[in-house]
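J.: Provided below: target-v5.cif, containing mmCIF, C-alpha atoms.
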```cif
data_protein
#
loop_
_atom_site.group_PDB
_atom_site.id
_atom_site.type_symbol
_atom_site.label_atom_id
_atom_site.label_comp_id
_atom_site.auth_asym_id
_atom_site.auth_seq_id
_atom_site.Cartn_x
_atom_site.Cartn_y
_atom_site.Cartn_z
ATOM 1 C CA MET R 1 18.511 14.483 4.650
ATOM 2 C CA SER R 2 20.205 14.613 8.003
ATOM 3 C CA GLY R 3 19.094 11.001 8.444
ATOM 4 C CA LYS R 4 19.551 10.723 12.187
ATOM 5 C CA THR R 5 17.386 8.664 14.464
ATOM 6 C CA VAL R 6 15.495 10.447 17.197
ATOM 7 C CA THR R 7 14.563 8.369 20.224
ATOM 8 C CA ARG R 8 12.811 8.722 23.568
ATOM 9 C CA ALA R 9 15.887 10.506 24.919
ATOM 10 C CA GLN R 10 15.496 13.497 22.584
ATOM 11 C CA LEU R 11 11.724 13.657 22.975
ATOM 12 C CA SER R 12 11.863 13.679 26.755
ATOM 13 C CA GLU R 13 14.701 16.248 26.584
ATOM 14 C CA ALA R 14 12.366 18.458 24.535
ATOM 15 C CA VAL R 15 9.659 18.048 27.182
ATOM 16 C CA TYR R 16 12.221 18.874 29.876
ATOM 17 C CA GLN R 17 13.321 22.044 28.053
ATOM 18 C CA GLU R 18 9.787 23.144 27.311
ATOM 19 C CA VAL R 19 7.876 22.412 30.484
ATOM 20 C CA GLY R 20 10.376 22.589 33.319
ATOM 21 C CA LEU R 21 9.639 19.280 34.994
ATOM 22 C CA SER R 22 12.583 17.180 36.100
ATOM 23 C CA ARG R 23 14.283 15.027 33.459
ATOM 24 C CA ASN R 24 12.951 11.966 35.211
ATOM 25 C CA GLU R 25 9.405 13.170 35.249
ATOM 26 C CA SER R 26 9.639 14.317 31.630
ATOM 27 C CA ALA R 27 10.656 10.797 30.624
ATOM 28 C CA GLU R 28 7.804 9.345 32.679
ATOM 29 C CA LEU R 29 5.258 11.640 31.072
ATOM 30 C CA LEU R 30 6.463 10.716 27.586
ATOM 31 C CA GLU R 31 6.023 7.075 28.511
ATOM 32 C CA ALA R 32 2.564 7.811 29.921
ATOM 33 C CA VAL R 33 1.562 9.442 26.633
ATOM 34 C CA LEU R 34 2.724 6.423 24.623
ATOM 35 C CA ASN R 35 0.949 4.085 27.031
ATOM 36 C CA GLU R 36 -2.341 5.970 26.866
ATOM 37 C CA VAL R 37 -2.222 5.910 23.067
ATOM 38 C CA SER R 38 -1.320 2.196 23.023
ATOM 39 C CA ASN R 39 -4.065 1.287 25.469
ATOM 40 C CA ALA R 40 -6.724 3.189 23.569
ATOM 41 C CA LEU R 41 -5.668 1.400 20.370
ATOM 42 C CA ALA R 42 -5.555 -1.998 22.071
ATOM 43 C CA LYS R 43 -9.171 -1.442 23.074
ATOM 44 C CA GLY R 44 -9.877 -1.043 19.382
ATOM 45 C CA GLY R 45 -10.346 2.695 19.408
ATOM 46 C CA THR R 46 -9.039 5.386 17.110
ATOM 47 C CA VAL R 47 -6.578 7.974 18.327
ATOM 48 C CA LYS R 48 -6.776 11.357 16.633
ATOM 49 C CA ILE R 49 -4.101 13.910 17.302
ATOM 50 C CA SER R 50 -5.093 17.128 15.597
ATOM 51 C CA SER R 51 -2.494 18.583 13.217
ATOM 52 C CA PHE R 52 -0.453 15.370 13.546
ATOM 53 C CA GLY R 53 -2.512 12.432 12.354
ATOM 54 C CA SER R 54 -4.755 9.585 13.363
ATOM 55 C CA PHE R 55 -4.109 5.995 14.336
ATOM 56 C CA THR R 56 -6.769 3.435 13.536
ATOM 57 C CA VAL R 57 -6.932 -0.299 14.052
ATOM 58 C CA ARG R 58 -7.887 -2.361 11.057
ATOM 59 C CA GLN R 59 -9.059 -5.956 11.207
ATOM 60 C CA LYS R 60 -7.415 -8.201 8.619
ATOM 61 C CA GLY R 61 -9.028 -11.419 7.497
ATOM 62 C CA GLN R 62 -7.378 -14.803 7.199
ATOM 63 C CA ARG R 63 -5.411 -15.467 4.024
ATOM 64 C CA ILE R 64 -3.020 -18.030 2.696
ATOM 65 C CA GLY R 65 0.606 -17.043 2.790
ATOM 66 C CA ARG R 66 3.635 -18.877 1.560
ATOM 67 C CA ASN R 67 6.959 -19.470 3.183
ATOM 68 C CA PRO R 68 9.196 -17.870 0.566
ATOM 69 C CA LYS R 69 12.085 -20.177 1.446
ATOM 70 C CA THR R 70 10.303 -23.516 1.288
ATOM 71 C CA GLY R 71 7.290 -22.605 -0.852
ATOM 72 C CA GLU R 72 5.120 -24.152 1.818
ATOM 73 C CA GLU R 73 1.613 -22.758 2.226
ATOM 74 C CA VAL R 74 0.834 -21.418 5.655
ATOM 75 C CA PRO R 75 -2.378 -19.801 6.830
ATOM 76 C CA ILE R 76 -2.020 -16.212 8.009
ATOM 77 C CA HIS R 77 -4.457 -15.824 10.849
ATOM 78 C CA PRO R 78 -6.935 -12.977 11.104
ATOM 79 C CA ARG R 79 -5.252 -10.154 12.955
ATOM 80 C CA LYS R 80 -5.415 -6.510 13.791
ATOM 81 C CA VAL R 81 -3.034 -3.998 12.302
ATOM 82 C CA LEU R 82 -2.415 -0.371 13.078
ATOM 83 C CA VAL R 83 -2.727 2.233 10.368
ATOM 84 C CA PHE R 84 -1.368 5.753 10.739
ATOM 85 C CA ARG R 85 -2.899 8.472 8.567
ATOM 86 C CA PRO R 86 -0.834 11.639 8.654
ATOM 87 C CA SER R 87 -2.744 14.906 8.795
ATOM 88 C CA GLN R 88 -2.499 17.417 5.964
ATOM 89 C CA VAL R 89 -0.601 19.710 8.343
ATOM 90 C CA LEU R 90 2.074 17.053 8.929
ATOM 91 C CA LYS R 91 2.341 16.263 5.224
ATOM 92 C CA ASN R 92 2.771 19.952 4.389
ATOM 93 C CA ARG R 93 5.293 20.467 7.157
ATOM 94 C CA ILE R 94 7.424 17.571 5.937
ATOM 95 C CA ASN R 95 7.593 19.068 2.464
ATOM 96 C CA ARG R 96 8.113 22.650 3.568
ATOM 97 C CA ASP R 97 11.854 22.738 4.238
ATOM 98 C CA ARG R 98 13.174 20.099 1.868
ATOM 99 C CA GLN R 99 12.765 19.000 -1.721
ATOM 100 C CA PRO R 100 12.725 15.338 -2.693
ATOM 101 C CA GLY R 101 15.409 14.155 -5.055
ATOM 102 C CA ALA R 102 18.224 16.729 -5.028
ATOM 103 C CA ALA R 103 20.370 16.602 -1.907
ATOM 104 C CA SER R 104 18.218 14.326 0.201
ATOM 105 C CA MET E 1 -9.557 9.253 21.717
ATOM 106 C CA THR E 2 -8.707 12.773 20.630
ATOM 107 C CA LYS E 3 -5.776 14.912 21.686
ATOM 108 C CA SER E 4 -7.923 16.727 24.237
ATOM 109 C CA GLU E 5 -9.171 13.433 25.681
ATOM 110 C CA LEU E 6 -5.581 12.240 25.890
ATOM 111 C CA ILE E 7 -4.677 15.418 27.786
ATOM 112 C CA ALA E 8 -7.657 14.984 30.105
ATOM 113 C CA ARG E 9 -6.682 11.387 30.914
ATOM 114 C CA LEU E 10 -3.090 12.343 31.644
ATOM 115 C CA ALA E 11 -4.168 15.283 33.782
ATOM 116 C CA GLU E 12 -6.377 12.949 35.784
ATOM 117 C CA ALA E 13 -3.538 10.492 36.318
ATOM 118 C CA ASN E 14 -1.165 13.320 37.306
ATOM 119 C CA PRO E 15 -3.119 15.568 39.657
ATOM 120 C CA HIS E 16 0.068 17.344 40.741
ATOM 121 C CA LEU E 17 0.449 18.866 37.261
ATOM 122 C CA TYR E 18 -1.417 21.812 35.846
ATOM 123 C CA GLN E 19 -3.664 20.926 32.933
ATOM 124 C CA ARG E 20 -1.810 23.642 31.021
ATOM 125 C CA ASP E 21 1.496 21.812 31.537
ATOM 126 C CA VAL E 22 0.013 18.481 30.479
ATOM 127 C CA GLU E 23 -1.166 20.175 27.322
ATOM 128 C CA ARG E 24 2.311 21.519 26.663
ATOM 129 C CA ILE E 25 3.839 18.104 27.259
ATOM 130 C CA VAL E 26 1.572 16.413 24.715
ATOM 131 C CA THR E 27 1.983 19.217 22.187
ATOM 132 C CA THR E 28 5.764 19.231 22.603
ATOM 133 C CA ILE E 29 6.000 15.503 21.986
ATOM 134 C CA PHE E 30 4.038 15.549 18.734
ATOM 135 C CA ASP E 31 5.718 18.793 17.606
ATOM 136 C CA GLU E 32 9.117 17.281 18.227
ATOM 137 C CA ILE E 33 8.219 14.201 16.179
ATOM 138 C CA THR E 34 6.966 16.511 13.408
ATOM 139 C CA ASN E 35 10.119 18.661 13.473
ATOM 140 C CA SER E 36 12.341 15.589 13.379
ATOM 141 C CA LEU E 37 10.514 14.235 10.345
ATOM 142 C CA ALA E 38 10.679 17.644 8.664
ATOM 143 C CA ARG E 39 14.489 17.502 9.003
ATOM 144 C CA GLY E 40 14.426 14.053 7.436
ATOM 145 C CA ASP E 41 15.166 12.231 10.680
ATOM 146 C CA ARG E 42 13.556 9.019 11.773
ATOM 147 C CA VAL E 43 11.818 8.772 15.123
ATOM 148 C CA GLU E 44 12.114 5.400 16.748
ATOM 149 C CA LEU E 45 10.137 4.640 19.879
ATOM 150 C CA ARG E 46 10.929 1.056 20.796
ATOM 151 C CA GLY E 47 7.863 -0.973 21.606
ATOM 152 C CA PHE E 48 5.567 1.675 20.161
ATOM 153 C CA GLY E 49 6.723 2.165 16.607
ATOM 154 C CA ALA E 50 8.867 4.202 14.272
ATOM 155 C CA PHE E 51 8.030 7.254 12.195
ATOM 156 C CA SER E 52 10.021 7.848 9.056
ATOM 157 C CA VAL E 53 9.830 9.840 5.866
ATOM 158 C CA LYS E 54 9.607 8.187 2.498
ATOM 159 C CA GLU E 55 10.075 9.768 -0.853
ATOM 160 C CA ARG E 56 7.404 9.503 -3.512
ATOM 161 C CA GLY E 57 8.607 10.087 -7.037
ATOM 162 C CA ALA E 58 6.867 12.423 -9.446
ATOM 163 C CA ARG E 59 4.035 10.795 -11.334
ATOM 164 C CA ILE E 60 1.291 11.558 -13.757
ATOM 165 C CA GLY E 61 -1.995 11.553 -11.940
ATOM 166 C CA ARG E 62 -5.450 11.975 -13.260
ATOM 167 C CA ASN E 63 -8.224 14.278 -12.248
ATOM 168 C CA PRO E 64 -10.842 11.690 -11.288
ATOM 169 C CA ARG E 65 -13.663 13.973 -12.345
ATOM 170 C CA THR E 66 -12.470 15.028 -15.761
ATOM 171 C CA GLY E 67 -10.004 12.223 -16.540
ATOM 172 C CA GLU E 68 -7.470 14.883 -17.389
ATOM 173 C CA ALA E 69 -3.782 13.999 -16.839
ATOM 174 C CA VAL E 70 -1.990 16.170 -14.294
ATOM 175 C CA ASN E 71 1.626 16.165 -13.182
ATOM 176 C CA VAL E 72 2.076 15.317 -9.529
ATOM 177 C CA ALA E 73 5.406 16.511 -8.143
ATOM 178 C CA ALA E 74 7.723 14.312 -6.115
ATOM 179 C CA LYS E 75 7.095 14.629 -2.400
ATOM 180 C CA PHE E 76 7.898 13.274 1.017
ATOM 181 C CA ILE E 77 5.343 11.285 2.912
ATOM 182 C CA PRO E 78 5.390 10.359 6.586
ATOM 183 C CA TYR E 79 5.259 6.685 7.368
ATOM 184 C CA PHE E 80 4.623 4.788 10.590
ATOM 185 C CA LYS E 81 5.665 1.244 11.310
ATOM 186 C CA THR E 82 4.059 -0.315 14.361
ATOM 187 C CA GLY E 83 6.462 -1.620 16.996
ATOM 188 C CA LYS E 84 6.533 -5.278 17.954
ATOM 189 C CA GLN E 85 5.109 -4.833 21.428
ATOM 190 C CA LEU E 86 2.272 -2.640 20.288
ATOM 191 C CA ARG E 87 1.456 -5.019 17.435
ATOM 192 C CA ALA E 88 1.287 -7.878 19.935
ATOM 193 C CA LYS E 89 -0.831 -5.817 22.289
ATOM 194 C CA LEU E 90 -3.390 -5.041 19.565
ATOM 195 C CA ASN E 91 -3.935 -8.735 19.050
ATOM 196 C CA ASN E 92 -3.807 -9.725 22.657
ATOM 197 C CA PRO E 93 -5.052 -6.844 24.768
ATOM 198 C CA GLY E 94 -4.747 -6.898 28.541
#
```
Please express the file's structure as structure tokens.

T.:
Amino acid sequence: MSGKTVTRAQLSEAVYQEVGLSRNESAELLEAVLNEVSNALAKGGTVKISSFGSFTVRQKGQRIGRNPKTGEEVPIHPRKVLVFRPSQVLKNRINRDRQPGAAS
Amino acid sequence: MTKSELIARLAEANPHLYQRDVERIVTTIFDEITNSLARGDRVELRGFGAFSVKERGARIGRNPRTGEAVNVAAKFIPYFKTGKQLRAKLNNPG
């Protein structure tokens, strides 16, 4: 495993290399993509990116949690959580070049 | 929202770009995330979330139809952890 962390910088660099917009505009477009996805999810929708995966919002009910330090019971309020389901293409791609175990 | 709807929205918001370029931008972003994960890298997009790869050990599964035991090989699975800002936004939109 090379184990590096890729950030916005590398993604917008890839857009810059690929599309030939300015670096600035490439960064802006990356941000616009993330914003569009976030906004659609905040509205409660599903975002499906073919050959990558889908993001869905799941509603969680209230439950009783416990402060692990004090043992105190605290209610966990109903809330929405995001679930990412990778596509089969992504899952295959991730297992194509590397084997688990060995030299990972 | 699908990928093509995402492209359409972005194209609308950026009338100075060709639809074809918007398509390439969106495709490049998700391809780059995919390639990073395939190398075993993590992709961290502050405020949005982080994609990483986790390892699942080999296990003995069962064919749900026949009940027969089958060996399932170890594999990598992609994982997404929602960023703080996005998590907050889901629960408090607008």

J.: Might you spell out which residues the PyMOL selection byres ((chain R) within 8 of (chain E)) would select in the displayed file, as a VMD selection string?

T.: chain R and resid 1 to 8 11 to 12 14 to 15 18 to 19 29 to 30 32 to 34 36 to 38 40 to 50 52 79 to 84 86 90 to 91 93 to 101

J.: How far is it from atom CA of Glu13 of chain R to atom CA of Glu31 of chain R, in Å with one decimal?

T.: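 Between atom CA of Glu13 of chain R and atom CA of Glu31 of chain R the gap works out to 12.8 Å.
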
J.: Rounded to one decimal in Å, what is the spacing between atom CA of Asn24 of chain R and atom CA of Glu12 of chain E?

T.: 19.4 Å

J.: Hey, can you check how far atom CA of Val89 of chain R sits from atom CA of Arg23 of chain R?

T.: 29.6 Å

J.: Padding 5 Å on every side, please: axis-aligned box over the listed atoms of segment 13-18 of chain R, centre and edge lengths to one decimal in Å, as AutoDock Vina command-line options.

T.:
```
--center_x 12.2 --center_y 19.7 --center_z 27.2 --size_x 15.0 --size_y 16.9 --size_z 15.3
```

J.: Ranking R:Pro78, R:Ser22, R:Ser51, R:Ala27 by minimum distance to Ala9 of chain R and counting only C-alpha atoms, which one comes first?

T.: R:Ala27
